[in-house]
Amino acid sequence: MQRVQSPIIPIVGDLIRQVPGTISLGQGVVYYGPPPQAIEQITQFLSDPNHHKYQAVQGIPALIELIATKLKTENGIAIDGTNQIMVTAGSNMGFVNAVLAIADPGDEIILPTPYYFNHEMAIRMANCQPVLVPTDDQYQLRLDIIQQAITPRTKAIVTVSPNNPTGVVYPAADLQAVNYLCREQGLYHIHDAAYEYFTYDGASAFSPGAIANSSEYTISLFSLSKAYGFASWRIGYMVIPTHLLEAIMKIQDTIAICAPVISQYAALGALQAGVGYCRQKLESIEQVRRHCLQQLATIQDICTVPPAEGAFYVLLQVHSNMPPLQLVKRLIQDYQVAVIPGTAFGIVGCYLRIAYGALQQETAVAGIGRFVKGLRELVPTAPLASD
């Protein structure tokens, strides 16, 4: 556990609490809560005393059935006996389930960087080795580098699209190439689609689990946390090869027995409301995104902002030798705005992640204004000698 990094969100949260009035552009959540249909389902849950007892490890049947319909109609993934659905306490739990099921201590799992920090942490907790492979200067996958990183101990390649922390969306062709590589090399492809609905400017998310004959080695992770404002309810789900079901049942039964049943009922209502609920809210997030990119464009002399067509993140490179956590502290203390240092995502240099989905428009705009002002005043415009 000493080799596992400390979660950065609580660290930044503590800094925020020390400076009242700070606007947080840090945590990756949405500004809205669950749809009314989710709350209405709580009454249904409370109507039966048996609901207070343990339920099926895999998930309540009604929710599994609704998820199967969603997967087929929205993702092109058919649940056909070669694969199974497992309802989890959030998609982070799904990732832990997957790692423990497929890997022995010392095995390797390939993570493109910047990575989602909880993925790297989970791999280390399982006493496995994260193999970090760089992306290009636009944060897109470098398939040649991924292939070169494969060794006899490699068990899986992880992809996240739309991506946390970069906000990029991987082209379908690149995800297909990773999936075919996994087929050829006898590896698992773990794909995290927590932000599947959050795409902009014509971009769209692709589900590797929809690739023909891929169900034997593709593990797909989904979450209600973002799309349905469900972060605290802890409901996600995974699509797994059938041959992993027994192992993952053992793991989940040990860790949680089952995802919270009251939350599973709420999830029924959320999925009944459907993706239309999320898309109603996306307009506000997209307006904040446009404002954020417009403001960042005014400081391109001191930072590089690669395209970000998904999720609700921007990962920018600041042209500074200042340690990123030190810069974060200065932004909080002097400008009352918080972001996340890029070191949490496995990259070296002065990188900062902005999350713009959690706040109402007026507050988000004010926070972005503080950030731009702070960066302009803290970072010199002259080129660094090391550049």
# chains A, B, ... in the order shown; residues from 1 in each chain; ligands from 1
>>> residues_around(residues="Gln140 in chain A", least_positions_apart="2", cutoff="9 Å", atoms="only C-alpha atoms", output="list in words")
Thr135, Asp136, Asp137, Gln138, Arg142, Val168, Val169, Tyr170, Pro171 and Asp174 of chain A
>>> residues_around(residues="Asn92 in chain A", least_positions_apart="2", cutoff="10 Å", atoms="only C-alpha atoms", output="JSON, numbers by chain")
{"A": [88, 89, 90, 94, 95, 96, 97, 98, 118, 119, 122, 192, 194, 221, 222, 223, 234, 235, 236, 237]}
>>> residues_around(residues="Val19 in chain A", least_positions_apart="3", cutoff="7 Å", atoms="only C-alpha atoms", output="list in words")
Leu15, Ile16, Thr22, Gln333 and Gln336 of chain A
>>> residues_around(residues="Ala38 in chain A", least_positions_apart="3", cutoff="10 Å", atoms="only C-alpha atoms", output="ChimeraX atom specification")
/A:33-35,41-43,228,230,263-273
>>> closest_residue(among="A:Gln360, A:Asn163, A:Gln2, A:Ser232", to="Thr113 in chain A", atoms="only C-alpha atoms")
A:Asn163
>>> closest_residue(among="A:Ile146, A:Val178, A:Leu111, A:Leu359", to="Val288 in chain A", atoms="only C-alpha atoms")
A:Leu359
>>> closest_atom_pairs(of="range 217-288 of chain A", to="range 48-65 of chain A", cutoff="7 Å", atoms="only C-alpha atoms", output="CSV")
residue,atom,partner,partner_atom,distance
A:Met249,CA,A:Val57,CA,6.6
A:Gln252,CA,A:Val57,CA,7.0
A:Asp253,CA,A:Val57,CA,6.1
A:Ile257,CA,A:Val57,CA,5.6
A:Cys258,CA,A:Val57,CA,4.5
A:Gln264,CA,A:Leu63,CA,6.9
A:Leu268,CA,A:Leu63,CA,5.7
>>> write_last_selection(atoms="N, CA and C atoms", output="short mmCIF file (atom, residue, chain, number, x, y, z; two decimals), in the first residue's frame")
data_model
loop_
_atom_site.label_atom_id
_atom_site.label_comp_id
_atom_site.auth_asym_id
_atom_site.auth_seq_id
_atom_site.Cartn_x
_atom_site.Cartn_y
_atom_site.Cartn_z
N MET A 249 -17.86 -13.09 -9.48
CA MET A 249 -18.86 -13.31 -8.43
C MET A 249 -18.17 -13.50 -7.08
N GLN A 252 -16.78 -9.96 -5.98
CA GLN A 252 -17.80 -8.99 -5.58
C GLN A 252 -18.51 -9.45 -4.30
N ASP A 253 -18.74 -10.75 -4.16
CA ASP A 253 -19.37 -11.26 -2.96
C ASP A 253 -18.51 -10.97 -1.73
N ILE A 257 -20.80 -7.98 -1.46
CA ILE A 257 -21.92 -8.90 -1.67
C ILE A 257 -22.70 -8.46 -2.91
N CYS A 258 -23.29 -7.30 -2.87
CA CYS A 258 -23.98 -6.79 -4.06
C CYS A 258 -23.95 -5.27 -4.01
N GLN A 264 -29.83 0.29 -6.71
CA GLN A 264 -30.20 -0.44 -7.93
C GLN A 264 -31.63 -0.10 -8.35
N LEU A 268 -32.93 1.74 -11.81
CA LEU A 268 -34.05 1.35 -12.69
C LEU A 268 -34.77 2.59 -13.20
#
>>> atom_distance(atom1="CA of Val379 in chain A", atom2="CA of Leu331 in chain A")
11.2 Å
>>> residues_around(residues="Val314 in chain A", least_positions_apart="3", cutoff="8 Å", atoms="only C-alpha atoms", output="MDAnalysis selection string")
chainID A and resid 165:167 305:306 308 353:355
>>> residues_around(residues="range 316-330 of chain A", least_positions_apart="4", cutoff="8 Å", atoms="only C-alpha atoms", output="ChimeraX atom specification")
/A:15,302-306,334-335,338-343,349-353,379-380,383-384
>>> select_by_dssp(residues="range 92-336 of chain A", states="strand (DSSP E or B)", output="MDAnalysis selection string")
chainID A and resid 108:113 129:134 154:160 188:192 199 218:223 236:241 303:304 310 313:318
>>> select_by_dssp(residues="range 263-303 of chain A", states="helix (DSSP H, G or I)", output="MDAnalysis selection string")
chainID A and resid 263:273 275:297
>>> atom_distance(atom1="CA of Pro20 in chain A", atom2="CA of Ala366 in chain A")
15.3 Å
>>> closest_residue(among="A:Arg279, A:Lys72, A:Met86, A:Leu315", to="Ile347 in chain A", atoms="only C-alpha atoms")
A:Leu315
>>> residues_around(residues="Val158 in chain A", least_positions_apart="3", cutoff="8 Å", atoms="only C-alpha atoms", output="number ranges by chain")
A: 109-112, 189-192
>>> write_last_selection(atoms="N, CA, C and O atoms", output="tab-separated table (two decimals), in the first residue's frame")
chain	number	residue	atom	x	y	z
A	109	ILE	N	-0.32	-4.68	-16.65
A	109	ILE	CA	-1.49	-4.13	-17.34
A	109	ILE	C	-1.07	-2.80	-17.94
A	109	ILE	O	-0.50	-1.94	-17.26
A	110	ILE	N	-1.31	-2.64	-19.24
A	110	ILE	CA	-0.86	-1.46	-19.98
A	110	ILE	C	-1.85	-0.32	-19.80
A	110	ILE	O	-3.06	-0.47	-20.06
A	111	LEU	N	-1.33	0.82	-19.37
A	111	LEU	CA	-2.12	2.04	-19.18
A	111	LEU	C	-1.56	3.15	-20.05
A	111	LEU	O	-0.42	3.59	-19.84
A	112	PRO	N	-2.30	3.65	-21.03
A	112	PRO	CA	-1.87	4.87	-21.72
A	112	PRO	C	-1.87	6.04	-20.75
A	112	PRO	O	-2.74	6.15	-19.87
A	189	HIS	N	-9.08	-6.64	-23.26
A	189	HIS	CA	-9.23	-5.21	-23.52
A	189	HIS	C	-10.23	-4.68	-22.50
A	189	HIS	O	-11.42	-5.01	-22.57
A	190	ILE	N	-9.76	-3.89	-21.54
A	190	ILE	CA	-10.64	-3.27	-20.55
A	190	ILE	C	-10.95	-1.85	-21.03
A	190	ILE	O	-10.05	-1.02	-21.13
A	191	HIS	N	-12.21	-1.60	-21.30
A	191	HIS	CA	-12.60	-0.27	-21.82
A	191	HIS	C	-13.57	0.40	-20.86
A	191	HIS	O	-14.61	-0.15	-20.51
A	192	ASP	N	-13.22	1.60	-20.42
A	192	ASP	CA	-14.02	2.39	-19.49
A	192	ASP	C	-14.80	3.43	-20.27
A	192	ASP	O	-14.22	4.31	-20.92
